[in-house]
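In what follows, a single structure is set out as structure tokens and then discussed.
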Amino acid sequence: MDLNWTHELTEQLDFHWNRHLLPRLEGLTDEEYLWEPVDGCWSVRPDGDGGFTIDWAAEPPVPPFTTIAWRISHIASVVLGARAANHFGDGFDLAEVRWPGTAQAGLDYLRESYSLWHEGVSALDDEGLARPCGPAEGPYHAHPFAALVLHVNREVIHHGAEVATLRDLYRDRTSGR
């Protein structure tokens, strides 16, 4: 029996995307998107010039709690967008990201980044999945591209579940439970 690895890898992410993440994002409001459940949250914030910026540090000593806005922006930019641009486009420059300051803008950015990544991965054959990731992946440059696809899948599933949990906490924030 021949196994279509491209199908298996894209199906894993599609299943989570279509059955878990997108349904949990329905009805997301700006208030919820930017809600900071604890002091010191990282989020997406106005930059003073009419745009938005994201709280960030290369390696914080203690990872901060993050908002839904931060997590959606992270998935859309670094996890999906950078990988799609670096491996299937013309490169990625974090300084050029227009951080989404509203729920709708965040969801649009997330869907766009997912579509670009999905389209690129769907076009890979076995040889493409076996080739090294290359310099865009730094110390992981020699790993097969399939390992990168699995990593991206894990990241989207992981951070998507965190977004869903934050939505649950927001919904029940005043219930006293």
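The chains in the structure tokens are called A, B, ... from first to last as shown; in each chain the residues are counted from 1, and the ligands are counted from 1 in the order shown.
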
### Task
Pick out the residues sitting within 9 Å of range 152-163 of chain A, and hand them over as an NGL selection string; count only C-alpha atoms, and ignore anything fewer than 3 positions along from it in its own chain.
:A and (9-10 or 12-13 or 16-17 or 20-21 or 24-25 or 67-69 or 71-72 or 74-75 or 79-80 or 83 or 147-149 or 166-168)

Determine, counting only C-alpha atoms, which protein, DNA and RNA residues have an atom within 10 Å of an atom of Thr53 in chain A; residues of the same chain fewer than 5 positions away are not included. Present the result as a short mmCIF file (atom, residue, chain, number, x, y, z; two decimals) with C-alpha atoms, in the first residue's frame.
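And here's selection-v3.cif as it stands now:
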data_model
loop_
_atom_site.label_atom_id
_atom_site.label_comp_id
_atom_site.auth_asym_id
_atom_site.auth_seq_id
_atom_site.Cartn_x
_atom_site.Cartn_y
_atom_site.Cartn_z
CA SER A 43 -0.67 41.46 23.95
CA VAL A 44 -1.05 43.45 20.75
CA ARG A 45 -1.14 47.17 21.58
CA PRO A 46 -1.49 50.52 19.79
CA ASP A 47 1.95 51.74 18.70
CA GLY A 48 1.19 55.48 18.86
CA TRP A 70 -0.98 37.72 21.12
CA ALA A 95 9.64 44.25 11.13
CA VAL A 97 4.29 42.67 10.04
CA ARG A 98 1.16 44.76 10.51
CA TRP A 99 0.03 43.45 13.86
CA PRO A 100 -3.75 42.97 13.99
CA GLY A 101 -5.34 45.17 16.65
#

### Message
Which residues are close to Leu94 in chain A, i.e. within 9 Å by only C-alpha atoms, leaving aside same-chain residues fewer than 3 positions away? Reply as a PyMOL selection string.
### Response
chain A and resi 77-78+82+97

Please identify which residues in range 2-173 of chain A DSSP calls strand (DSSP E or B) from the backbone, and express them as an mmCIF file with C-alpha atoms, in the first residue's frame.
data_model
loop_
_atom_site.group_PDB
_atom_site.id
_atom_site.type_symbol
_atom_site.label_atom_id
_atom_site.label_comp_id
_atom_site.auth_asym_id
_atom_site.auth_seq_id
_atom_site.Cartn_x
_atom_site.Cartn_y
_atom_site.Cartn_z
ATOM 1 C CA TRP A 42 1.707 40.220 26.618
ATOM 2 C CA VAL A 44 -1.048 43.449 20.754
ATOM 3 C CA ARG A 45 -1.135 47.168 21.582
ATOM 4 C CA PRO A 46 -1.486 50.523 19.792
ATOM 5 C CA PHE A 52 -0.210 48.155 16.470
ATOM 6 C CA THR A 53 2.787 46.390 17.941
ATOM 7 C CA ILE A 54 3.246 43.125 19.811
ATOM 8 C CA THR A 66 -0.509 36.107 26.764
ATOM 9 C CA PRO A 132 16.446 19.642 4.351
ATOM 10 C CA PRO A 144 13.777 17.041 6.745
#

### Query
Closest to Tyr114 in chain A among A:Pro60, A:Pro135, A:Gly81, A:Gly27, using only C-alpha atoms?
A:Gly81

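Using only C-alpha atoms, the nearest neighbour of Leu110 in chain A within the list A:Leu124, A:Phe92, A:Leu22, A:His87 is A:Leu22.
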
### Query
Expressed in Å to a single decimal, how great is the separation between CA of Ser73 in chain A and CA of Asn86 in chain A?
17.4 Å

### Message
Set the distance at 10 Å and use only C-alpha atoms: which residues neighbour Leu116 in chain A once local chain neighbours fewer than 5 positions away are removed? I'd like the list as a ChimeraX atom specification.
### Response
/A:80-81,83-85,88-89,111,121-122

Emit the selected residues as a tab-separated table (two decimals), in the first residue's frame, including N, CA and C atoms.
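The new file result_35.tsv reads:
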chain	number	residue	atom	x	y	z
A	80	LEU	N	3.00	30.26	11.13
A	80	LEU	CA	2.54	29.97	9.77
A	80	LEU	C	3.10	30.95	8.73
A	81	GLY	N	2.95	32.23	8.99
A	81	GLY	CA	3.32	33.24	8.00
A	81	GLY	C	4.79	33.25	7.65
A	83	ARG	N	6.95	30.84	8.04
A	83	ARG	CA	7.30	29.59	7.36
A	83	ARG	C	6.81	29.60	5.92
A	84	ALA	N	5.59	30.06	5.69
A	84	ALA	CA	5.07	30.11	4.32
A	84	ALA	C	5.92	31.05	3.46
A	85	ALA	N	6.25	32.23	4.00
A	85	ALA	CA	7.04	33.20	3.24
A	85	ALA	C	8.46	32.70	3.00
A	88	PHE	N	7.95	29.12	0.78
A	88	PHE	CA	7.12	29.09	-0.43
A	88	PHE	C	6.94	30.47	-1.05
A	89	GLY	N	7.54	31.48	-0.45
A	89	GLY	CA	7.35	32.85	-0.93
A	89	GLY	C	8.68	33.55	-1.12
A	111	ARG	N	-6.25	33.35	8.96
A	111	ARG	CA	-6.75	32.58	7.80
A	111	ARG	C	-5.83	32.72	6.59
A	121	VAL	N	2.50	23.46	1.53
A	121	VAL	CA	2.72	22.08	1.97
A	121	VAL	C	1.98	21.11	1.07
A	122	SER	N	0.79	21.47	0.64
A	122	SER	CA	-0.01	20.58	-0.22
A	122	SER	C	0.67	20.31	-1.55

### Query
Among range 3-171 of chain A, which residues carry a DSSP assignment of helix (DSSP H, G or I), reported as a ChimeraX atom specification?
/A:5-25,30-34,68-88,94-96,103-122,126-130,135-140,145-171

For the residues selected in the previous step, produce a file with C-alpha atoms as a short mmCIF file (atom, residue, chain, number, x, y, z; two decimals), in the first residue's frame.
data_model
loop_
_atom_site.label_atom_id
_atom_site.label_comp_id
_atom_site.auth_asym_id
_atom_site.auth_seq_id
_atom_site.Cartn_x
_atom_site.Cartn_y
_atom_site.Cartn_z
CA TRP A 5 2.61 11.56 3.29
CA THR A 6 1.62 14.99 2.02
CA HIS A 7 -2.04 14.09 2.47
CA GLU A 8 -1.45 12.67 5.96
CA LEU A 9 0.48 15.75 7.12
CA THR A 10 -2.01 18.26 5.72
CA GLU A 11 -4.99 16.22 6.95
CA GLN A 12 -3.65 16.31 10.53
CA LEU A 13 -3.61 20.11 10.51
CA ASP A 14 -6.83 20.45 8.50
CA PHE A 15 -8.70 18.28 11.00
CA HIS A 16 -7.66 20.50 13.92
CA TRP A 17 -8.22 23.69 11.91
CA ASN A 18 -11.71 22.80 10.67
CA ARG A 19 -13.06 20.77 13.59
CA HIS A 20 -11.52 22.49 16.59
CA LEU A 21 -9.90 25.87 16.01
CA LEU A 22 -12.18 27.66 13.53
CA PRO A 23 -15.39 26.68 15.33
CA ARG A 24 -13.91 27.94 18.62
CA LEU A 25 -13.08 31.31 17.03
CA ASP A 30 -12.47 42.82 20.18
CA GLU A 31 -12.97 42.95 23.96
CA GLU A 32 -12.31 39.23 24.28
CA TYR A 33 -9.44 39.32 21.76
CA LEU A 34 -7.60 41.92 23.87
CA ILE A 68 -5.85 35.78 22.60
CA ALA A 69 -4.60 38.64 20.39
CA TRP A 70 -0.98 37.72 21.12
CA ARG A 71 -1.53 34.00 20.52
CA ILE A 72 -3.44 34.48 17.26
CA SER A 73 -0.76 36.92 16.08
CA HIS A 74 1.98 34.46 17.03
CA ILE A 75 0.33 31.60 15.13
CA ALA A 76 -0.34 33.81 12.10
CA SER A 77 3.07 35.50 11.97
CA VAL A 78 5.87 33.32 13.32
CA VAL A 79 4.34 29.84 13.14
CA LEU A 80 2.54 29.97 9.77
CA GLY A 81 3.32 33.24 8.00
CA ALA A 82 7.09 33.24 8.39
CA ARG A 83 7.30 29.59 7.36
CA ALA A 84 5.07 30.11 4.32
CA ALA A 85 7.04 33.20 3.24
CA ASN A 86 10.46 31.66 3.88
CA HIS A 87 9.77 28.33 2.21
CA PHE A 88 7.12 29.09 -0.43
CA LEU A 94 9.13 40.48 11.21
CA ALA A 95 9.64 44.25 11.13
CA GLU A 96 7.13 44.49 8.26
CA ALA A 103 -10.42 40.41 16.40
CA GLN A 104 -11.49 40.55 12.75
CA ALA A 105 -8.03 41.66 11.59
CA GLY A 106 -6.44 38.90 13.67
CA LEU A 107 -8.76 36.24 12.25
CA ASP A 108 -8.17 37.51 8.70
CA TYR A 109 -4.39 37.37 9.22
CA LEU A 110 -4.65 33.89 10.71
CA ARG A 111 -6.75 32.58 7.80
CA GLU A 112 -4.43 34.16 5.22
CA SER A 113 -1.31 32.70 6.83
CA TYR A 114 -2.92 29.28 7.17
CA SER A 115 -3.94 29.33 3.52
CA LEU A 116 -0.42 30.21 2.33
CA TRP A 117 1.20 27.52 4.49
CA HIS A 118 -1.40 24.90 3.54
CA GLU A 119 -1.06 25.67 -0.17
CA GLY A 120 2.73 25.32 0.00
CA VAL A 121 2.72 22.08 1.97
CA SER A 122 -0.01 20.58 -0.22
CA ASP A 126 7.89 12.86 -1.07
CA GLU A 127 11.13 14.37 -2.32
CA GLY A 128 10.08 17.83 -1.07
CA LEU A 129 9.18 16.42 2.34
CA ALA A 130 12.55 14.64 2.56
CA PRO A 135 18.89 28.11 6.45
CA ALA A 136 15.55 29.73 7.34
CA GLU A 137 15.21 27.18 10.15
CA GLY A 138 18.53 28.02 11.81
CA PRO A 139 19.94 25.14 13.86
CA TYR A 140 17.28 22.82 12.37
CA PHE A 145 10.97 19.36 5.69
CA ALA A 146 8.45 16.80 7.00
CA ALA A 147 9.83 17.45 10.51
CA LEU A 148 9.09 21.16 10.05
CA VAL A 149 5.55 20.38 8.91
CA LEU A 150 5.01 18.24 12.02
CA HIS A 151 6.44 21.03 14.20
CA VAL A 152 4.11 23.63 12.65
CA ASN A 153 1.16 21.26 13.14
CA ARG A 154 2.07 20.86 16.83
CA GLU A 155 2.42 24.62 17.29
CA VAL A 156 -0.95 25.40 15.70
CA ILE A 157 -2.66 22.66 17.72
CA HIS A 158 -0.93 23.73 20.95
CA HIS A 159 -1.55 27.47 20.64
CA GLY A 160 -5.01 26.92 19.20
CA ALA A 161 -5.94 24.93 22.31
CA GLU A 162 -4.62 27.79 24.46
CA VAL A 163 -6.85 30.24 22.57
CA ALA A 164 -9.82 27.94 23.18
CA THR A 165 -9.00 27.78 26.89
CA LEU A 166 -8.75 31.57 27.09
CA ARG A 167 -12.17 31.80 25.44
CA ASP A 168 -13.55 29.44 28.11
CA LEU A 169 -12.01 31.56 30.87
CA TYR A 170 -13.37 34.76 29.34
CA ARG A 171 -16.85 33.29 29.03
#

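For the pair CA of Asp125 in chain A and CA of Leu3 in chain A, the separation is 11.5 Å.
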